[in-house]
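Trainee: Handing over data.cif, mmCIF, C-alpha atoms.
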```
data_run
loop_
_atom_site.label_atom_id
_atom_site.label_comp_id
_atom_site.auth_asym_id
_atom_site.auth_seq_id
_atom_site.Cartn_x
_atom_site.Cartn_y
_atom_site.Cartn_z
CA MET W 16 -35.29 -144.94 -104.23
CA TYR W 17 -37.65 -142.63 -106.14
CA TYR W 18 -38.31 -142.63 -109.87
CA LEU W 19 -39.25 -139.76 -112.15
CA GLY W 20 -40.90 -140.92 -115.33
CA MET W 21 -43.09 -143.87 -116.28
CA GLN W 22 -41.98 -147.11 -114.66
CA LYS W 23 -41.85 -150.00 -117.10
CA LYS W 24 -44.46 -152.62 -116.40
CA ILE W 25 -43.78 -156.35 -116.21
CA LEU W 26 -46.61 -158.87 -116.11
CA ILE W 27 -45.73 -162.17 -114.44
CA VAL W 28 -48.01 -165.07 -115.41
CA GLU W 29 -47.12 -167.62 -112.73
CA ASP W 30 -49.23 -169.88 -110.51
CA ASP W 31 -46.46 -170.66 -107.99
CA GLU W 32 -47.04 -167.86 -105.50
CA ALA W 33 -43.66 -168.24 -103.80
CA PHE W 34 -41.76 -168.04 -107.10
CA PHE W 35 -43.85 -165.03 -108.16
CA ASN W 36 -43.06 -163.23 -104.88
CA LEU W 37 -39.39 -163.88 -105.43
CA CYS W 38 -39.41 -162.46 -108.97
CA ALA W 39 -41.63 -159.54 -107.98
CA THR W 40 -39.39 -158.55 -105.06
CA ALA W 41 -36.25 -158.62 -107.23
CA LEU W 42 -37.87 -156.67 -110.08
CA LYS W 43 -39.42 -154.07 -107.78
CA LEU W 44 -36.00 -153.47 -106.24
CA LYS W 45 -34.79 -152.64 -109.76
CA GLY W 46 -37.61 -150.14 -110.10
CA TYR W 47 -40.01 -152.07 -112.34
CA ASN W 48 -43.77 -151.98 -111.87
CA VAL W 49 -44.92 -155.60 -111.44
CA VAL W 50 -48.40 -156.98 -112.08
CA HIS W 51 -49.48 -160.58 -111.67
CA VAL W 52 -51.94 -163.18 -112.91
CA ALA W 53 -51.91 -166.80 -111.70
CA ASP W 54 -54.63 -168.37 -113.86
CA GLY W 55 -53.69 -169.05 -117.48
CA SER W 56 -57.27 -168.60 -118.66
CA GLN W 57 -57.25 -164.96 -117.47
CA ALA W 58 -53.84 -164.07 -118.89
CA LEU W 59 -54.92 -162.79 -122.33
CA GLU W 60 -57.51 -160.45 -120.81
CA VAL W 61 -54.98 -159.09 -118.29
CA ILE W 62 -52.39 -158.59 -121.05
CA ALA W 63 -54.92 -156.63 -123.14
CA ASN W 64 -55.89 -154.46 -120.16
CA GLU W 65 -52.48 -153.90 -118.55
CA LYS W 66 -50.43 -153.45 -121.75
CA PRO W 67 -47.16 -154.57 -120.09
CA ASP W 68 -43.73 -153.76 -121.49
CA LEU W 69 -42.66 -157.36 -120.90
CA ILE W 70 -44.40 -160.63 -119.98
CA LEU W 71 -42.74 -163.38 -117.92
CA LEU W 72 -44.81 -166.41 -118.84
CA ASP W 73 -44.76 -169.77 -117.06
CA ILE W 74 -45.38 -172.86 -119.21
CA VAL W 75 -47.32 -175.10 -116.81
CA LEU W 76 -50.39 -173.14 -115.71
CA PRO W 77 -53.94 -173.92 -114.65
CA GLY W 78 -56.59 -172.91 -117.17
CA MET W 79 -54.40 -172.45 -120.25
CA SER W 80 -50.78 -173.46 -120.85
CA GLY W 81 -48.08 -170.84 -121.35
CA LEU W 82 -47.39 -172.11 -124.88
CA ASP W 83 -51.09 -171.72 -125.81
CA ILE W 84 -51.10 -168.21 -124.32
CA LEU W 85 -47.96 -167.33 -126.30
CA GLN W 86 -49.52 -168.66 -129.51
CA ASN W 87 -52.65 -166.59 -128.86
CA ILE W 88 -50.57 -163.47 -128.23
CA LYS W 89 -48.64 -163.87 -131.45
CA GLU W 90 -51.79 -164.61 -133.50
CA THR W 91 -53.76 -161.65 -132.16
CA GLU W 92 -53.17 -158.37 -134.00
CA GLU W 93 -53.52 -156.15 -130.90
CA LEU W 94 -51.33 -158.36 -128.72
CA LYS W 95 -48.63 -159.65 -131.04
CA GLY W 96 -46.23 -156.77 -130.26
CA ASN W 97 -45.89 -158.00 -126.66
CA ARG W 98 -42.44 -159.17 -125.66
CA VAL W 99 -42.39 -162.48 -123.83
CA ILE W 100 -39.80 -164.37 -121.79
CA MET W 101 -40.83 -167.93 -120.93
CA LEU W 102 -40.39 -169.38 -117.43
CA THR W 103 -39.87 -173.11 -117.38
CA ASN W 104 -39.19 -175.75 -114.79
CA PHE W 105 -38.77 -178.56 -117.27
CA GLY W 106 -36.66 -176.97 -119.99
CA THR W 107 -37.31 -179.80 -122.39
CA ASP W 108 -36.03 -179.03 -125.85
CA ALA W 109 -39.51 -179.44 -127.31
CA ASN W 110 -41.03 -176.79 -125.01
CA VAL W 111 -38.18 -174.33 -125.43
CA ASN W 112 -37.98 -174.80 -129.20
CA ARG W 113 -41.73 -174.39 -129.55
CA ALA W 114 -41.67 -171.20 -127.45
CA MET W 115 -38.84 -169.71 -129.52
CA GLU W 116 -40.62 -170.69 -132.77
CA LEU W 117 -43.75 -168.98 -131.54
CA GLY W 118 -41.82 -165.76 -130.96
CA ALA W 119 -40.61 -165.72 -127.34
CA GLU W 120 -37.64 -163.38 -126.79
CA ASP W 121 -35.88 -165.78 -124.43
CA TYR W 122 -36.50 -168.37 -121.74
CA ILE W 123 -35.49 -168.71 -118.10
CA MET W 124 -35.00 -172.02 -116.29
CA LYS W 125 -36.73 -171.31 -112.99
CA TYR W 126 -34.62 -173.65 -110.91
CA ASN W 127 -31.41 -172.42 -112.49
CA VAL W 128 -31.67 -168.70 -111.90
CA VAL W 129 -31.39 -166.55 -108.80
CA PRO W 130 -33.55 -163.40 -108.62
CA SER W 131 -30.67 -160.97 -109.23
CA GLU W 132 -29.80 -162.83 -112.46
CA LEU W 133 -33.45 -162.79 -113.49
CA ALA W 134 -33.60 -159.03 -112.95
CA ASN W 135 -30.41 -158.60 -114.98
CA LYS W 136 -31.86 -160.70 -117.82
CA VAL W 137 -34.97 -158.53 -117.83
CA SER W 138 -32.79 -155.39 -117.91
CA VAL W 139 -31.01 -156.70 -120.99
CA VAL W 140 -34.32 -157.10 -122.82
CA LEU W 141 -36.13 -154.04 -121.44
CA GLY W 142 -33.35 -151.60 -120.64
CA ASP W 143 -33.84 -149.14 -117.81
CA SER W 144 -36.77 -149.59 -115.46
CA VAL W 145 -38.16 -146.11 -116.27
CA ASP W 146 -38.80 -144.50 -119.65
CA SER W 147 -36.96 -141.31 -118.81
CA ALA W 148 -34.17 -142.62 -116.67
CA VAL W 149 -34.16 -140.19 -113.77
CA LYS W 150 -33.76 -141.80 -110.36
CA PHE W 151 -33.30 -140.25 -106.97
CA VAL W 152 -31.60 -142.24 -104.29
CA SER W 153 -32.93 -141.32 -100.84
CA MET X 16 -32.15 -160.82 -87.56
CA ASN X 17 -31.04 -163.64 -85.24
CA GLU X 18 -34.30 -165.39 -85.97
CA ALA X 19 -33.64 -164.93 -89.66
CA LEU X 20 -30.20 -166.45 -89.42
CA THR X 21 -31.57 -169.36 -87.37
CA ILE X 22 -34.22 -170.09 -89.99
CA ILE X 23 -31.64 -169.90 -92.79
CA SER X 24 -29.29 -172.20 -90.88
CA VAL X 25 -32.07 -174.72 -90.27
CA SER X 26 -33.10 -174.49 -93.91
CA VAL X 27 -29.58 -175.07 -95.17
CA THR X 28 -29.26 -178.08 -92.87
CA MET X 29 -32.56 -179.47 -94.12
CA LEU X 30 -31.47 -178.77 -97.66
CA SER X 31 -28.34 -180.83 -97.12
CA VAL X 32 -30.43 -183.71 -95.78
CA VAL X 33 -32.79 -183.46 -98.73
CA LEU X 34 -29.95 -183.41 -101.24
CA LEU X 35 -28.26 -186.37 -99.57
CA PHE X 36 -31.53 -188.28 -99.62
CA LEU X 37 -32.18 -187.30 -103.22
CA TYR X 38 -28.73 -188.44 -104.23
CA VAL X 39 -29.22 -191.85 -102.61
CA ARG X 40 -32.76 -192.16 -103.88
CA LYS X 41 -31.99 -191.09 -107.41
CA SER X 42 -29.00 -193.42 -107.55
CA GLU X 43 -31.33 -196.28 -106.63
CA GLU X 44 -33.94 -195.20 -109.14
CA TYR X 45 -31.41 -194.78 -111.94
CA THR X 46 -29.91 -198.17 -111.16
CA GLN X 47 -33.36 -199.74 -111.30
CA ILE X 48 -34.15 -197.94 -114.53
CA LYS X 49 -30.83 -198.93 -116.09
CA VAL X 50 -31.39 -202.58 -115.22
CA LYS X 51 -34.88 -202.28 -116.66
CA MET X 52 -33.61 -200.67 -119.82
CA ASP X 53 -31.04 -203.44 -120.29
CA ASN X 54 -33.93 -205.89 -120.27
CA MET X 55 -36.15 -203.65 -122.37
CA THR X 56 -36.23 -205.95 -125.35
CA LYS X 57 -37.83 -208.62 -123.19
CA LEU X 58 -40.48 -206.37 -121.76
CA GLY X 59 -44.16 -206.92 -122.41
CA GLN X 60 -46.66 -204.11 -122.65
CA HIS X 61 -47.39 -204.19 -118.91
CA ASP X 62 -43.71 -203.83 -118.05
CA GLN X 63 -43.34 -200.98 -120.51
CA GLU X 64 -46.25 -199.20 -118.85
CA THR X 65 -44.58 -199.72 -115.46
CA GLN X 66 -41.36 -198.38 -116.90
CA ARG X 67 -43.12 -195.31 -118.31
CA ALA X 68 -44.91 -194.72 -115.00
CA ARG X 69 -41.57 -195.01 -113.19
CA ASP X 70 -39.94 -192.49 -115.53
CA ASP X 71 -42.89 -190.13 -115.05
CA PHE X 72 -42.56 -190.57 -111.30
CA LEU X 73 -38.86 -189.73 -111.35
CA ALA X 74 -39.53 -186.64 -113.47
CA MET X 75 -42.29 -185.65 -111.07
CA VAL X 76 -40.06 -186.09 -108.01
CA VAL X 77 -37.35 -183.96 -109.60
CA HIS X 78 -39.92 -181.29 -110.52
CA GLU X 79 -41.49 -181.34 -107.05
CA MET X 80 -38.05 -180.93 -105.47
CA ARG X 81 -36.78 -178.29 -107.86
CA SER X 82 -39.55 -175.75 -107.30
CA PRO X 83 -39.13 -175.38 -103.51
CA LEU X 84 -35.34 -175.61 -103.83
CA ALA X 85 -35.40 -172.73 -106.34
CA VAL X 86 -37.50 -170.68 -103.93
CA ILE X 87 -35.18 -171.42 -100.97
CA ARG X 88 -32.05 -170.58 -102.94
CA GLY X 89 -33.58 -167.50 -104.54
CA SER X 90 -34.99 -166.12 -101.28
CA ALA X 91 -31.69 -166.63 -99.47
CA ASP X 92 -29.82 -165.03 -102.39
CA LEU X 93 -32.07 -161.96 -102.31
CA ILE X 94 -31.67 -161.56 -98.55
CA VAL X 95 -27.89 -161.91 -98.71
CA LYS X 96 -27.44 -159.48 -101.62
CA GLU X 97 -30.18 -156.96 -100.91
CA VAL X 98 -30.55 -156.98 -97.12
CA ASP X 99 -29.98 -153.20 -96.94
CA ASN X 100 -32.57 -152.46 -99.63
CA LEU X 101 -35.33 -154.79 -98.45
CA SER X 102 -38.03 -153.72 -96.00
CA GLN X 103 -38.63 -155.71 -92.79
CA GLN X 104 -41.87 -156.99 -94.34
CA GLN X 105 -40.10 -158.17 -97.50
CA ILE X 106 -37.44 -159.96 -95.44
CA SER X 107 -40.13 -161.54 -93.30
CA ASP X 108 -42.02 -162.70 -96.45
CA LEU X 109 -38.87 -164.20 -97.96
CA LEU X 110 -38.04 -166.03 -94.72
CA GLY X 111 -41.62 -167.31 -94.62
CA GLN X 112 -41.14 -168.69 -98.12
CA ILE X 113 -37.92 -170.42 -97.09
CA LYS X 114 -39.73 -171.98 -94.15
CA GLY X 115 -42.75 -173.05 -96.24
CA SER X 116 -40.64 -174.53 -99.04
CA SER X 117 -38.43 -176.38 -96.53
CA THR X 118 -41.52 -177.88 -94.90
CA HIS X 119 -42.83 -178.98 -98.30
CA LEU X 120 -39.50 -180.67 -99.07
CA LEU X 121 -39.42 -182.38 -95.71
CA ASP X 122 -42.97 -183.72 -96.23
CA MET X 123 -41.93 -185.02 -99.62
CA VAL X 124 -38.85 -186.76 -98.20
CA ASN X 125 -40.94 -188.26 -95.37
CA ASP X 126 -43.40 -189.62 -97.95
CA LEU X 127 -40.59 -191.22 -99.93
CA LEU X 128 -39.14 -192.75 -96.78
CA ASP X 129 -42.57 -194.11 -95.79
CA VAL X 130 -42.96 -195.73 -99.21
CA SER X 131 -39.51 -197.28 -98.94
CA LYS X 132 -40.40 -198.74 -95.53
CA ILE X 133 -43.76 -200.04 -96.79
CA GLU X 134 -42.09 -201.74 -99.77
CA ALA X 135 -39.41 -203.25 -97.54
CA GLY X 136 -42.06 -204.52 -95.09
CA LYS X 137 -40.51 -202.37 -92.36
CA PHE X 138 -43.38 -199.94 -91.85
CA GLU X 139 -44.36 -199.88 -88.18
CA ILE X 140 -47.53 -198.78 -86.44
CA PHE X 141 -48.05 -198.19 -82.72
CA VAL X 142 -51.61 -198.98 -81.65
CA LYS X 143 -53.47 -198.06 -78.48
CA ASP X 144 -57.10 -197.45 -77.54
CA HIS X 145 -58.72 -194.45 -79.22
CA HIS X 146 -62.24 -193.25 -79.97
CA LEU X 147 -62.45 -193.35 -83.77
CA ASN X 148 -65.29 -190.81 -83.96
CA LYS X 149 -63.25 -188.31 -81.93
CA THR X 150 -60.37 -188.74 -84.36
CA LEU X 151 -62.77 -188.17 -87.28
CA ARG X 152 -64.27 -185.08 -85.63
CA ASP X 153 -60.78 -183.66 -84.94
CA GLU X 154 -59.83 -184.16 -88.60
CA ALA X 155 -63.06 -182.58 -89.84
CA HIS X 156 -62.36 -179.61 -87.59
CA THR X 157 -58.81 -179.31 -88.98
CA PHE X 158 -60.14 -179.18 -92.55
CA GLU X 159 -63.13 -176.91 -91.91
CA ALA X 160 -61.35 -173.69 -92.82
CA LEU X 161 -59.87 -175.14 -96.03
CA ALA X 162 -63.27 -176.53 -97.05
CA ARG X 163 -64.86 -173.12 -96.44
CA GLN X 164 -62.18 -171.45 -98.60
CA HIS X 165 -63.15 -173.84 -101.42
CA GLY X 166 -66.86 -173.15 -100.90
CA LEU X 167 -67.52 -176.68 -99.59
CA LYS X 168 -69.20 -178.09 -96.52
CA ILE X 169 -68.11 -181.11 -94.49
CA ASP X 170 -70.94 -183.44 -93.50
CA MET X 171 -70.44 -185.93 -90.64
CA GLN X 172 -72.41 -189.18 -90.39
CA LEU X 173 -70.88 -191.04 -87.45
CA ASP X 174 -72.07 -194.25 -85.81
CA ASP X 175 -72.14 -193.61 -82.05
CA ASN X 176 -72.06 -197.37 -81.35
CA ILE X 177 -68.35 -197.53 -82.21
CA SER X 178 -66.51 -197.73 -78.90
CA LYS X 179 -62.79 -197.44 -78.18
CA PHE X 180 -60.53 -199.80 -80.11
CA LYS X 181 -56.83 -200.08 -80.87
CA PHE X 182 -55.34 -198.19 -83.81
CA ASP X 183 -52.41 -195.88 -84.52
CA GLU X 184 -54.16 -192.53 -84.35
CA GLU X 185 -51.32 -190.52 -85.86
CA LYS X 186 -51.09 -192.82 -88.89
CA VAL X 187 -54.87 -193.01 -89.35
CA LYS X 188 -54.91 -189.21 -89.25
CA GLN X 189 -52.27 -189.28 -92.00
CA VAL X 190 -54.66 -191.36 -94.14
CA LEU X 191 -57.57 -189.01 -93.38
CA ASN X 192 -55.42 -185.95 -94.15
CA ASN X 193 -54.63 -187.41 -97.54
CA LEU X 194 -58.20 -188.41 -98.35
CA LEU X 195 -59.73 -185.15 -97.11
CA SER X 196 -57.22 -182.87 -98.83
CA ASN X 197 -57.78 -184.78 -102.10
CA ALA X 198 -61.56 -184.64 -101.69
CA ILE X 199 -61.44 -180.88 -101.10
CA LYS X 200 -59.00 -180.28 -103.97
CA PHE X 201 -61.13 -182.15 -106.51
CA THR X 202 -64.62 -181.03 -105.51
CA PRO X 203 -66.13 -177.96 -107.22
CA ARG X 204 -67.60 -175.10 -105.14
CA ASP X 205 -70.92 -175.69 -103.36
CA GLY X 206 -70.10 -179.39 -103.08
CA THR X 207 -70.02 -181.60 -100.01
CA VAL X 208 -67.37 -183.81 -98.45
CA THR X 209 -68.94 -186.51 -96.28
CA ILE X 210 -67.16 -188.38 -93.50
CA LEU X 211 -69.01 -191.53 -92.45
CA SER X 212 -68.25 -194.22 -89.87
CA LYS X 213 -70.10 -197.49 -89.24
CA ILE X 214 -69.60 -201.00 -87.93
CA GLN X 215 -69.29 -203.69 -90.61
CA ASP X 216 -68.93 -207.17 -89.10
CA SER X 217 -65.81 -207.08 -86.92
CA TYR X 218 -64.46 -203.91 -88.56
CA ALA X 219 -65.01 -200.19 -88.32
CA GLN X 220 -65.64 -198.83 -91.81
CA ILE X 221 -64.74 -195.24 -92.63
CA GLN X 222 -65.81 -193.46 -95.81
CA VAL X 223 -64.64 -190.12 -97.23
CA ALA X 224 -66.99 -189.19 -100.07
CA ASP X 225 -66.91 -186.14 -102.35
CA THR X 226 -69.20 -184.67 -105.00
CA GLY X 227 -66.42 -184.07 -107.53
CA SER X 228 -66.23 -185.29 -111.11
CA GLY X 229 -65.25 -188.84 -110.11
CA ILE X 230 -62.39 -191.11 -111.12
CA PRO X 231 -62.50 -193.19 -114.33
CA ASP X 232 -62.62 -196.96 -113.79
CA TYR X 233 -59.26 -197.62 -115.46
CA LEU X 234 -57.57 -195.27 -112.95
CA LYS X 235 -59.33 -196.67 -109.89
CA ALA X 236 -57.44 -199.94 -110.12
CA LYS X 237 -54.08 -198.21 -110.45
CA LEU X 238 -54.39 -195.43 -107.89
CA PHE X 239 -52.90 -197.32 -104.98
CA HIS X 240 -49.83 -198.28 -106.99
CA LYS X 241 -46.56 -196.42 -106.68
CA PHE X 242 -45.62 -194.14 -109.60
CA VAL X 243 -49.25 -193.49 -110.60
CA GLN X 244 -50.53 -189.91 -110.45
CA GLY X 245 -54.08 -189.33 -109.31
CA ARG X 246 -57.02 -187.74 -110.99
CA GLU X 247 -56.33 -186.35 -114.42
CA ASN X 248 -58.73 -183.43 -114.23
CA GLY X 249 -56.81 -181.78 -111.41
CA ASP X 250 -54.95 -178.53 -111.55
CA PRO X 251 -51.42 -179.31 -112.79
CA SER X 252 -50.03 -176.86 -110.29
CA GLU X 253 -51.59 -178.81 -107.43
CA LYS X 254 -50.21 -182.19 -108.33
CA GLY X 255 -48.74 -183.87 -105.31
CA SER X 256 -46.14 -186.57 -104.99
CA GLY X 257 -48.59 -189.26 -106.07
CA LEU X 258 -47.53 -191.21 -103.00
CA GLY X 259 -50.35 -190.33 -100.62
CA LEU X 260 -52.59 -193.27 -101.54
CA VAL X 261 -49.68 -195.72 -101.62
CA ILE X 262 -48.82 -194.70 -98.06
CA SER X 263 -52.49 -194.78 -97.02
CA LYS X 264 -52.80 -198.34 -98.33
CA GLY X 265 -49.64 -199.32 -96.43
CA ILE X 266 -50.97 -197.80 -93.20
CA ILE X 267 -54.39 -199.46 -93.44
CA GLU X 268 -52.95 -202.86 -94.39
CA ALA X 269 -50.48 -202.63 -91.48
CA HIS X 270 -53.59 -202.42 -89.25
CA GLY X 271 -55.11 -205.50 -90.90
CA GLY X 272 -57.68 -203.45 -92.80
CA THR X 273 -58.34 -202.74 -96.47
CA ILE X 274 -58.85 -199.60 -98.56
CA TRP X 275 -60.68 -199.22 -101.87
CA ILE X 276 -62.55 -196.77 -104.11
CA GLU X 277 -66.19 -196.70 -105.19
CA ASP X 278 -68.33 -194.27 -107.15
CA ASN X 279 -70.31 -191.89 -104.95
CA HIS X 280 -73.89 -191.66 -106.24
CA PRO X 281 -75.16 -189.51 -107.84
CA ARG X 282 -71.69 -188.02 -108.42
CA GLY X 283 -68.17 -188.07 -107.05
CA THR X 284 -65.87 -190.58 -105.45
CA LYS X 285 -65.94 -192.52 -102.22
CA PHE X 286 -62.75 -193.75 -100.53
CA ILE X 287 -63.52 -196.52 -98.06
CA PHE X 288 -61.22 -198.16 -95.53
CA THR X 289 -61.67 -200.61 -92.68
CA LEU X 290 -59.92 -201.06 -89.34
CA PRO X 291 -60.33 -204.24 -87.26
CA LEU X 292 -62.24 -203.58 -84.03
CA SER X 293 -60.26 -206.14 -82.08
#
```
Written as structure tokens, that's how I'd like the structure from this file.

Mentor:
Amino acid sequence: MYYLGMQKKILIVEDDEAFFNLCATALKLKGYNVVHVADGSQALEVIANEKPDLILLDIVLPGMSGLDILQNIKETEELKGNRVIMLTNFGTDANVNRAMELGAEDYIMKYNVVPSELANKVSVVLGDSVDSAVKFVS
Amino acid sequence: MNEALTIISVSVTMLSVVLLFLYVRKSEEYTQIKVKMDNMTKLGQHDQETQRARDDFLAMVVHEMRSPLAVIRGSADLIVKEVDNLSQQQISDLLGQIKGSSTHLLDMVNDLLDVSKIEAGKFEIFVKDHHLNKTLRDEAHTFEALARQHGLKIDMQLDDNISKFKFDEEKVKQVLNNLLSNAIKFTPRDGTVTILSKIQDSYAQIQVADTGSGIPDYLKAKLFHKFVQGRENGDPSEKGSGLGLVISKGIIEAHGGTIWIEDNHPRGTKFIFTLPLS
């Protein structure tokens, strides 16, 4: 499949390499451009540099927790426009409530979602995978 | 594609075994917890700590199982739904993930089974004559690449006077695997992991020392107990089952030896265990 136009960019902040690969494969199949950072302490810098259209943000991360990263995003003038979906393995009410209070768009239970559903959820938030939706199927 | 189907079939079979085990195990745990909760009003502080540690352990087991299960299910789902759109490399990567996650689950289940056997006094060892120093060298060789990746060196200080004696080599290797992987995980770059052997009275003494940040005294006493997670300064993503040291203690005690922790001077931690020479 070929795309004409700017592919939308999704940053996945996730330290579980296998889960990242899974998400990345599913999202690339839908035509999204996927970038990755595994270390929480590097996430804010990568967000500032990459300017993603959407961030999938894990909660339990080395370096800095996903909730702290989200709080930093929402308190920083240049970053606060970023749209964030939280990834969580625990799904405790406290974590989810805190994330939604801080301004996350939504959350995904990692163990409860298959990649095609994840890609669909992203599509609902982001819309088409390219800005000008012209695709050629080879 | 036949290979792919074989791997998926094996994975699904393993998954069934894991789920069956989990069901049995969780039923036991929940029963224990329920009984405990019924007696909660009578509990002292120590019992409440044990209860909290047990709850944490159950949450950890569920978390440790969920992550690889999610990867297995998700990878299989992608292959089934998108097989025509995925490249050979992508399919191969996804199958590799299924295999890796299945192995991780199987290791976890084996650990839980070992702990159950240790607690029931049914843990068995099979001893025969081995050269301890050869076993230690083999283990050091196995971990060399991992140590290099972490920017560490492995130093060997072996006593050549130790001759053949009877021990269960496979089980002692299991102890060494646990101690060495922990030492490597918790030692910053440019550090050293030292493996030492010597004769102490009628025992062979083995030490695995690291130059990491050490273990606080209050944790040292608890580390060999079930339900207690290890060092607190570790990467949360690298937390293991917390059963490795419990199993190591069971293995060493089944040999008639002991295992304990000391500070490694000037920095780090030293795990020491003994094996009777006769």

Trainee: Residue by residue, what does the PyMOL selection byres ((chain W) within 8 of (chain X)) grab here? Present the result as a ChimeraX atom specification.

Mentor: /W:30-31,33-34,37,40-41,44,75-77,104-105,125-131

Trainee: Write to file, as an mmCIF file, in the coordinates of the input, the residues of the selection just made, with C-alpha atoms.

Mentor:
```cif
data_model
loop_
_atom_site.group_PDB
_atom_site.id
_atom_site.type_symbol
_atom_site.label_atom_id
_atom_site.label_comp_id
_atom_site.auth_asym_id
_atom_site.auth_seq_id
_atom_site.Cartn_x
_atom_site.Cartn_y
_atom_site.Cartn_z
ATOM 1 C CA ASP W 30 -49.230 -169.880 -110.510
ATOM 2 C CA ASP W 31 -46.460 -170.660 -107.990
ATOM 3 C CA ALA W 33 -43.660 -168.240 -103.800
ATOM 4 C CA PHE W 34 -41.760 -168.040 -107.100
ATOM 5 C CA LEU W 37 -39.390 -163.880 -105.430
ATOM 6 C CA THR W 40 -39.390 -158.550 -105.060
ATOM 7 C CA ALA W 41 -36.250 -158.620 -107.230
ATOM 8 C CA LEU W 44 -36.000 -153.470 -106.240
ATOM 9 C CA VAL W 75 -47.320 -175.100 -116.810
ATOM 10 C CA LEU W 76 -50.390 -173.140 -115.710
ATOM 11 C CA PRO W 77 -53.940 -173.920 -114.650
ATOM 12 C CA ASN W 104 -39.190 -175.750 -114.790
ATOM 13 C CA PHE W 105 -38.770 -178.560 -117.270
ATOM 14 C CA LYS W 125 -36.730 -171.310 -112.990
ATOM 15 C CA TYR W 126 -34.620 -173.650 -110.910
ATOM 16 C CA ASN W 127 -31.410 -172.420 -112.490
ATOM 17 C CA VAL W 128 -31.670 -168.700 -111.900
ATOM 18 C CA VAL W 129 -31.390 -166.550 -108.800
ATOM 19 C CA PRO W 130 -33.550 -163.400 -108.620
ATOM 20 C CA SER W 131 -30.670 -160.970 -109.230
#
```

Trainee: What is the atom CA of Glu29 of chain W-atom CA of Ala109 of chain W distance in Å, reported with one decimal?

Mentor: 20.3 Å

Trainee: Taking (-47.3, -197.2, -106.5) as a centre in this file's frame and 10 Å as the limit, can you find every polymer residue with an atom that close, using all atoms listed in the file, and give them as a VMD selection string?

Mentor: chain X and resid 65 68 to 69 72 130 134 237 to 244 257 to 262 264

Trainee: Please expand the PyMOL selection byres ((chain W and resi 78) around 6) into the concrete residues it hits in this file, giving the result as number ranges by chain.

Mentor: W: 54-56, 77, 79

Trainee: Quick one, how far is atom CA of Gly271 of chain X from atom CA of Glu154 of chain X?

Mentor: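 Atom-to-atom, atom CA of Gly271 of chain X and atom CA of Glu154 of chain X are spaced 22.0 Å apart.
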
Trainee: Written as a ChimeraX atom specification, what is the full residue list that the PyMOL selection byres ((chain W and resi 103) around 10) yields on the file shown?

Mentor: /W:72-75,81,100-102,104-107,110-111,122-127

Trainee: Write the selection just made, keeping C-alpha atoms, as an mmCIF file, in the coordinates of the input?

Mentor:
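Ended up saving to result_21.cif:
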```
data_model
loop_
_atom_site.group_PDB
_atom_site.id
_atom_site.type_symbol
_atom_site.label_atom_id
_atom_site.label_comp_id
_atom_site.auth_asym_id
_atom_site.auth_seq_id
_atom_site.Cartn_x
_atom_site.Cartn_y
_atom_site.Cartn_z
ATOM 1 C CA LEU W 72 -44.810 -166.410 -118.840
ATOM 2 C CA ASP W 73 -44.760 -169.770 -117.060
ATOM 3 C CA ILE W 74 -45.380 -172.860 -119.210
ATOM 4 C CA VAL W 75 -47.320 -175.100 -116.810
ATOM 5 C CA GLY W 81 -48.080 -170.840 -121.350
ATOM 6 C CA ILE W 100 -39.800 -164.370 -121.790
ATOM 7 C CA MET W 101 -40.830 -167.930 -120.930
ATOM 8 C CA LEU W 102 -40.390 -169.380 -117.430
ATOM 9 C CA ASN W 104 -39.190 -175.750 -114.790
ATOM 10 C CA PHE W 105 -38.770 -178.560 -117.270
ATOM 11 C CA GLY W 106 -36.660 -176.970 -119.990
ATOM 12 C CA THR W 107 -37.310 -179.800 -122.390
ATOM 13 C CA ASN W 110 -41.030 -176.790 -125.010
ATOM 14 C CA VAL W 111 -38.180 -174.330 -125.430
ATOM 15 C CA TYR W 122 -36.500 -168.370 -121.740
ATOM 16 C CA ILE W 123 -35.490 -168.710 -118.100
ATOM 17 C CA MET W 124 -35.000 -172.020 -116.290
ATOM 18 C CA LYS W 125 -36.730 -171.310 -112.990
ATOM 19 C CA TYR W 126 -34.620 -173.650 -110.910
ATOM 20 C CA ASN W 127 -31.410 -172.420 -112.490
#
```

Trainee: Just how far from atom CA of Arg152 of chain X is atom CA of Lys114 of chain X, in Å to one decimal?

Mentor: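 Result for atom CA of Lys114 of chain X versus atom CA of Arg152 of chain X: 29.1 Å, one decimal.
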
Trainee: Can I get segment 90-94 of chain W with N, CA and C atoms filled in, as a PDB file, keeping the file's coordinate frame?

Mentor:
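Saved as out.pdb:
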```pdb
ATOM      1  N   GLU W  90     -50.804-164.539-132.416  1.00  0.00           N
ATOM      2  CA  GLU W  90     -51.790-164.610-133.500  1.00  0.00           C
ATOM      3  C   GLU W  90     -52.863-163.520-133.398  1.00  0.00           C
ATOM      4  N   THR W  91     -52.764-162.710-132.347  1.00  0.00           N
ATOM      5  CA  THR W  91     -53.760-161.650-132.160  1.00  0.00           C
ATOM      6  C   THR W  91     -53.139-160.297-132.492  1.00  0.00           C
ATOM      7  N   GLU W  92     -53.757-159.598-133.457  1.00  0.00           N
ATOM      8  CA  GLU W  92     -53.170-158.370-134.000  1.00  0.00           C
ATOM      9  C   GLU W  92     -52.806-157.366-132.882  1.00  0.00           C
ATOM     10  N   GLU W  93     -53.746-157.176-131.932  1.00  0.00           N
ATOM     11  CA  GLU W  93     -53.520-156.150-130.900  1.00  0.00           C
ATOM     12  C   GLU W  93     -52.492-156.580-129.853  1.00  0.00           C
ATOM     13  N   LEU W  94     -52.224-157.882-129.786  1.00  0.00           N
ATOM     14  CA  LEU W  94     -51.330-158.360-128.720  1.00  0.00           C
ATOM     15  C   LEU W  94     -49.951-158.780-129.231  1.00  0.00           C
TER      16      LEU W  94
END
```
